[in-house]
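Student: One structure, pasted below without further comment.
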Amino acid sequence: MSEHDRDFDVKGVAPAPPIHGQRPDGYRSGFACFVGRPNAGKSTLTNALVGSKVVITSNKPQTTRTVVKGIVHRDDAQLILVDTPGLHRPRTLLGERLNDLVMTTWSEVDVVAVCFPADEKIGPGDTFIVNELAKVRRTTKIAIATKTDKATPEQLASHLLAIAELGRTTGTDWAEIVPVSAVGDSQVDLLADILIGLMPEGPQLYPDGELSDAPEQAIVAELIREAALEGVRDELPHSIAVVVEEMNLREGRPADRPLLDIHANLFVERDSQKGIIIGHKGSRLREVGTAARLQIAAMLGTPVHLDLHVKVAKDWQRDPRQLRKLGF
């Protein structure tokens with residue numbers, strides 16, 4: 001089993017890690033989770049709060065699969081953000097496992113923050129999520145109106161009223177309702193203050209400067225998958241999985257000119273999808289490789305040689321054996 005395979009565990013997502021250090025009286029630390037419909041802005045908001053890219057973002061729905069903790073450091077607090085898939089009515093075994101992951105997370109974190117895109121009306125999907133969340137009694141719940149940069153003041157005012165009404169009709173007690181734009185950097189710091197204020201007092205859980213507890217290999221796999229998601233048909237993102245087979249510094253290079261060799265496999269479910277990813281004479285795969293390589297190099301601070309191969313794992317989303325092999 002690879003490191004990427006071991007990273008995914010649907011049995012639990014937020015057990016306290018080893019306590020790293022004691023802090024002054026009043027220091028707060030704890031876990032928060034963003035949930036919402038697919039493409040509600042959860043991953044973008046996580047990256048904005050952390051100040052670095054720790055989860056992938058895409059305009060394609062349902063792109064988050066693995067739980068990645070982003071860590072926000074302050075002198076008086078440490079906020080650990082747990083990223084989860086969007087809760088949805090599952091159509092495959094993969095979908096069922098992702099939903100199990102979400103429900104487990106809700107019961108283990110200190111705060112669940114539900115994201116409602118301000119440029120879209122409250123819909124059945126939002127009601128479904130909040131009704132499910134209402135079953136989790138002990139966890140503090142807040143509502144976030146995301147993507148406020150895409151809404152007029154009038155739309156935003158109406159949206160905030162609709163969020164409050166949804167809370168009343170579902171019996172959900174919102175501790176706060178916060179409008180935020182992660183892209184426009186509007187009220188992101190305020191949201192961090194609110195979340196930290198809802199955390200319990202406790203010790204520092206992670207070392208200073210650590211932004212995520214995900215292995216580099218897992219984050220690299222996600223960056224490759226993000227690059228592969230851009231510009232493909234709507235049904236294809238659900239069929240893409242990436243496994244990093246090897247990741248090592250090339251031997252014999254001068255210390256001031258390192259090169260990181262990465263060998264990864266990109267899995268799809270059908271031969272026709274393989275053709276889409278590779279493109280005419282390999283043009284699409286080259287674009288994916290270039291985009292991913294630049295992102296990985298920027299994140300790791302090291303030049304990268306990326307060797308990508310596309311393979312078919314037939315109907316892997318419905319096959320328990322294949323899911324295990326791909327880290328789900």
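Chain lettering (A, B, ...) mirrors the order of the structure tokens, residue numbering begins at 1 for each chain separately, and ligand numbering begins at 1 in order of display.
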Going by DSSP on the backbone, which residues of stretch 67-231 of chain A come out as strand (DSSP E)? List them as a count of residues only.

Tutor: 34

Student: With stretch 122-142 of chain A as the partner and 9 Å as the cut-off, tabulate the residues of stretch 158-244 of chain A that qualify, each row holding the nearest pair of atoms and their distance in Å to one decimal, using only C-alpha atoms, sorted by chain and rising number, as CSV.

Tutor:
```
residue,atom,partner,partner_atom,distance
A:His159,CA,A:Ile122,CA,7.6
A:Ala162,CA,A:Ile122,CA,6.9
A:Ile163,CA,A:Ile122,CA,7.5
A:Leu166,CA,A:Thr127,CA,7.2
A:Gly167,CA,A:Val130,CA,7.8
A:Thr170,CA,A:Asn131,CA,5.9
A:Gly171,CA,A:Ala134,CA,6.9
A:Thr172,CA,A:Ala134,CA,5.8
A:Asp173,CA,A:Lys141,CA,7.0
A:Trp174,CA,A:Ile142,CA,4.9
A:Ala175,CA,A:Ile142,CA,5.2
A:Glu176,CA,A:Ile142,CA,4.9
A:Ile177,CA,A:Ile142,CA,6.0
A:Val178,CA,A:Ile142,CA,7.9
A:Leu195,CA,A:Ile142,CA,8.9
A:Leu198,CA,A:Thr140,CA,8.0
```

Student: Kindly export the residues of the current selection with C-alpha atoms, as a PDB file, in the first residue's frame.

Tutor:
```pdb
ATOM      1  CA  HIS A 159     -29.520  35.447   0.749  1.00  0.00           C
ATOM      2  CA  ALA A 162     -32.922  32.892   3.436  1.00  0.00           C
ATOM      3  CA  ILE A 163     -30.068  31.280   5.401  1.00  0.00           C
ATOM      4  CA  LEU A 166     -33.485  27.739   6.648  1.00  0.00           C
ATOM      5  CA  GLY A 167     -32.051  27.515  10.154  1.00  0.00           C
ATOM      6  CA  THR A 170     -34.781  22.865  10.108  1.00  0.00           C
ATOM      7  CA  GLY A 171     -34.338  23.521  13.814  1.00  0.00           C
ATOM      8  CA  THR A 172     -30.697  24.486  13.306  1.00  0.00           C
ATOM      9  CA  ASP A 173     -29.341  27.103  15.696  1.00  0.00           C
ATOM     10  CA  TRP A 174     -26.739  29.135  13.771  1.00  0.00           C
ATOM     11  CA  ALA A 175     -24.145  30.475  16.215  1.00  0.00           C
ATOM     12  CA  GLU A 176     -23.186  33.012  13.501  1.00  0.00           C
ATOM     13  CA  ILE A 177     -24.100  33.888   9.924  1.00  0.00           C
ATOM     14  CA  VAL A 178     -21.062  35.361   8.132  1.00  0.00           C
ATOM     15  CA  LEU A 195     -14.077  30.314  14.337  1.00  0.00           C
ATOM     16  CA  LEU A 198     -15.708  29.084  19.171  1.00  0.00           C
TER      17      LEU A 198
END
```

Student: Based on the backbone DSSP call, show me all residues of stretch 226-290 of chain A assigned helix (DSSP H, G or I), as a ChimeraX atom specification.

Tutor: /A:226-229,237-239,271-278,280-290

Student: Grab the residues selected above and save them as a compact mmCIF listing (two decimals), in the first residue's frame with C-alpha atoms.

Tutor:
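For reference, out03.txt as written:
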```
# COMPACT_ATOMS: atom_id res chain seq x y z
CA GLU A 226 -6.74 19.45 -10.26
CA ALA A 227 -4.80 20.08 -13.46
CA ALA A 228 -6.50 17.10 -15.11
CA LEU A 229 -9.97 18.42 -14.17
CA PRO A 237 -14.00 14.55 -13.02
CA HIS A 238 -15.72 11.82 -11.03
CA SER A 239 -13.77 9.22 -12.98
CA ASP A 271 -10.75 3.77 -22.80
CA SER A 272 -12.76 6.68 -24.21
CA GLN A 273 -11.90 8.75 -21.12
CA LYS A 274 -8.24 7.84 -21.54
CA GLY A 275 -8.38 9.37 -25.00
CA ILE A 276 -9.89 12.59 -23.60
CA ILE A 277 -7.14 12.97 -21.01
CA ILE A 278 -4.31 12.21 -23.46
CA HIS A 280 -4.60 14.55 -29.89
CA LYS A 281 -1.04 13.22 -30.10
CA GLY A 282 -0.67 13.69 -26.34
CA SER A 283 -1.40 17.44 -26.39
CA ARG A 284 -3.87 17.41 -23.50
CA LEU A 285 -1.67 15.28 -21.24
CA ARG A 286 1.26 17.63 -21.89
CA GLU A 287 -0.92 20.57 -20.79
CA VAL A 288 -1.93 18.71 -17.64
CA GLY A 289 1.69 17.85 -16.88
CA THR A 290 2.91 21.42 -17.38
```

Student: Can you pull out the residues contacting A:Arg257? Cut-off 12 Å, using only C-alpha atoms, and skip same-chain residues under 3 positions away; I want them as an mmCIF file with N, CA, C and O atoms, in the first residue's frame.

Tutor:
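So around.cif came out as:
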```cif
data_model
loop_
_atom_site.group_PDB
_atom_site.id
_atom_site.type_symbol
_atom_site.label_atom_id
_atom_site.label_comp_id
_atom_site.auth_asym_id
_atom_site.auth_seq_id
_atom_site.Cartn_x
_atom_site.Cartn_y
_atom_site.Cartn_z
ATOM 1 N N LEU A 249 14.305 12.987 -4.934
ATOM 2 C CA LEU A 249 15.281 13.904 -5.520
ATOM 3 C C LEU A 249 16.230 13.112 -6.411
ATOM 4 O O LEU A 249 16.672 12.012 -6.047
ATOM 5 N N ARG A 250 16.517 13.651 -7.585
ATOM 6 C CA ARG A 250 17.388 12.954 -8.524
ATOM 7 C C ARG A 250 18.817 12.906 -7.981
ATOM 8 O O ARG A 250 19.363 13.928 -7.535
ATOM 9 N N GLU A 251 19.396 11.734 -8.031
ATOM 10 C CA GLU A 251 20.755 11.560 -7.525
ATOM 11 C C GLU A 251 21.769 12.206 -8.466
ATOM 12 O O GLU A 251 21.556 12.306 -9.679
ATOM 13 N N GLY A 252 22.881 12.637 -7.889
ATOM 14 C CA GLY A 252 23.971 13.186 -8.678
ATOM 15 C C GLY A 252 23.816 14.647 -9.049
ATOM 16 O O GLY A 252 24.663 15.198 -9.763
ATOM 17 N N ARG A 253 22.760 15.298 -8.576
ATOM 18 C CA ARG A 253 22.558 16.724 -8.894
ATOM 19 C C ARG A 253 23.313 17.577 -7.881
ATOM 20 O O ARG A 253 23.419 17.222 -6.693
ATOM 21 N N PRO A 254 23.857 18.743 -8.317
ATOM 22 C CA PRO A 254 24.479 19.660 -7.359
ATOM 23 C C PRO A 254 23.466 20.127 -6.318
ATOM 24 O O PRO A 254 22.261 20.218 -6.604
ATOM 25 N N LEU A 260 13.371 17.295 -8.524
ATOM 26 C CA LEU A 260 12.510 16.294 -7.925
ATOM 27 C C LEU A 260 11.834 15.473 -9.023
ATOM 28 O O LEU A 260 11.095 16.009 -9.853
ATOM 29 N N GLY A 301 8.955 24.402 -3.708
ATOM 30 C CA GLY A 301 10.155 25.227 -3.846
ATOM 31 C C GLY A 301 11.306 24.510 -4.511
ATOM 32 O O GLY A 301 12.476 24.854 -4.286
ATOM 33 N N THR A 302 11.006 23.503 -5.333
ATOM 34 C CA THR A 302 12.031 22.704 -6.004
ATOM 35 C C THR A 302 11.606 22.442 -7.449
ATOM 36 O O THR A 302 10.445 22.115 -7.688
ATOM 37 N N PRO A 303 12.526 22.587 -8.416
ATOM 38 C CA PRO A 303 12.182 22.218 -9.795
ATOM 39 C C PRO A 303 11.734 20.766 -9.870
ATOM 40 O O PRO A 303 12.246 19.897 -9.145
ATOM 41 N N VAL A 304 10.776 20.497 -10.764
ATOM 42 C CA VAL A 304 10.145 19.178 -10.816
ATOM 43 C C VAL A 304 10.203 18.599 -12.219
ATOM 44 O O VAL A 304 9.971 19.307 -13.206
#
```

Student: Using only C-alpha atoms, which of A:Arg270, A:His309, A:Lys121, A:Arg28 sits nearest A:Ala40?

Tutor: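 Closest to A:Ala40, using only C-alpha atoms: A:Lys121.
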
Student: Can you tell me how far atom CA of A:Ala182 sits from atom CA of A:Glu120, in Å to one decimal?

Tutor: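 Distance reported for this atom pair: 16.2 Å.
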
Student: Go through A:Leu160, A:Ala241, A:Ile80, A:Cys115 and flag the residue nearest A:Ser43, using only C-alpha atoms for the distances.

Tutor: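 Using only C-alpha atoms, A:Ser43 sits closest to A:Cys115.
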
Student: Could you work out how far atom CA of A:Val82 lies from atom CA of A:Leu161, giving the answer in Å with one decimal?

Tutor: 27.2 Å

Student: Record the distance separating atom CA of A:Met247 and atom CA of A:Asp208, expressed in Å with one decimal.

Tutor: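 These atoms are spaced 25.5 Å apart.
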
Student: Looking at only C-alpha atoms, which of A:Leu211, A:Ile144, A:Val188, A:Leu294 is the one that sits closest to A:Leu81?

Tutor: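 Of A:Leu211, A:Ile144, A:Val188, A:Leu294, the one nearest A:Leu81, counting only C-alpha atoms, is A:Leu211.
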
Student: Between A:Gly41, A:Pro153, A:Gly184, A:Gly70, which has the minimum distance to A:Phe116 (counting only C-alpha atoms)?

Tutor: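 Counting only C-alpha atoms, the residue closest to A:Phe116 is A:Gly41.
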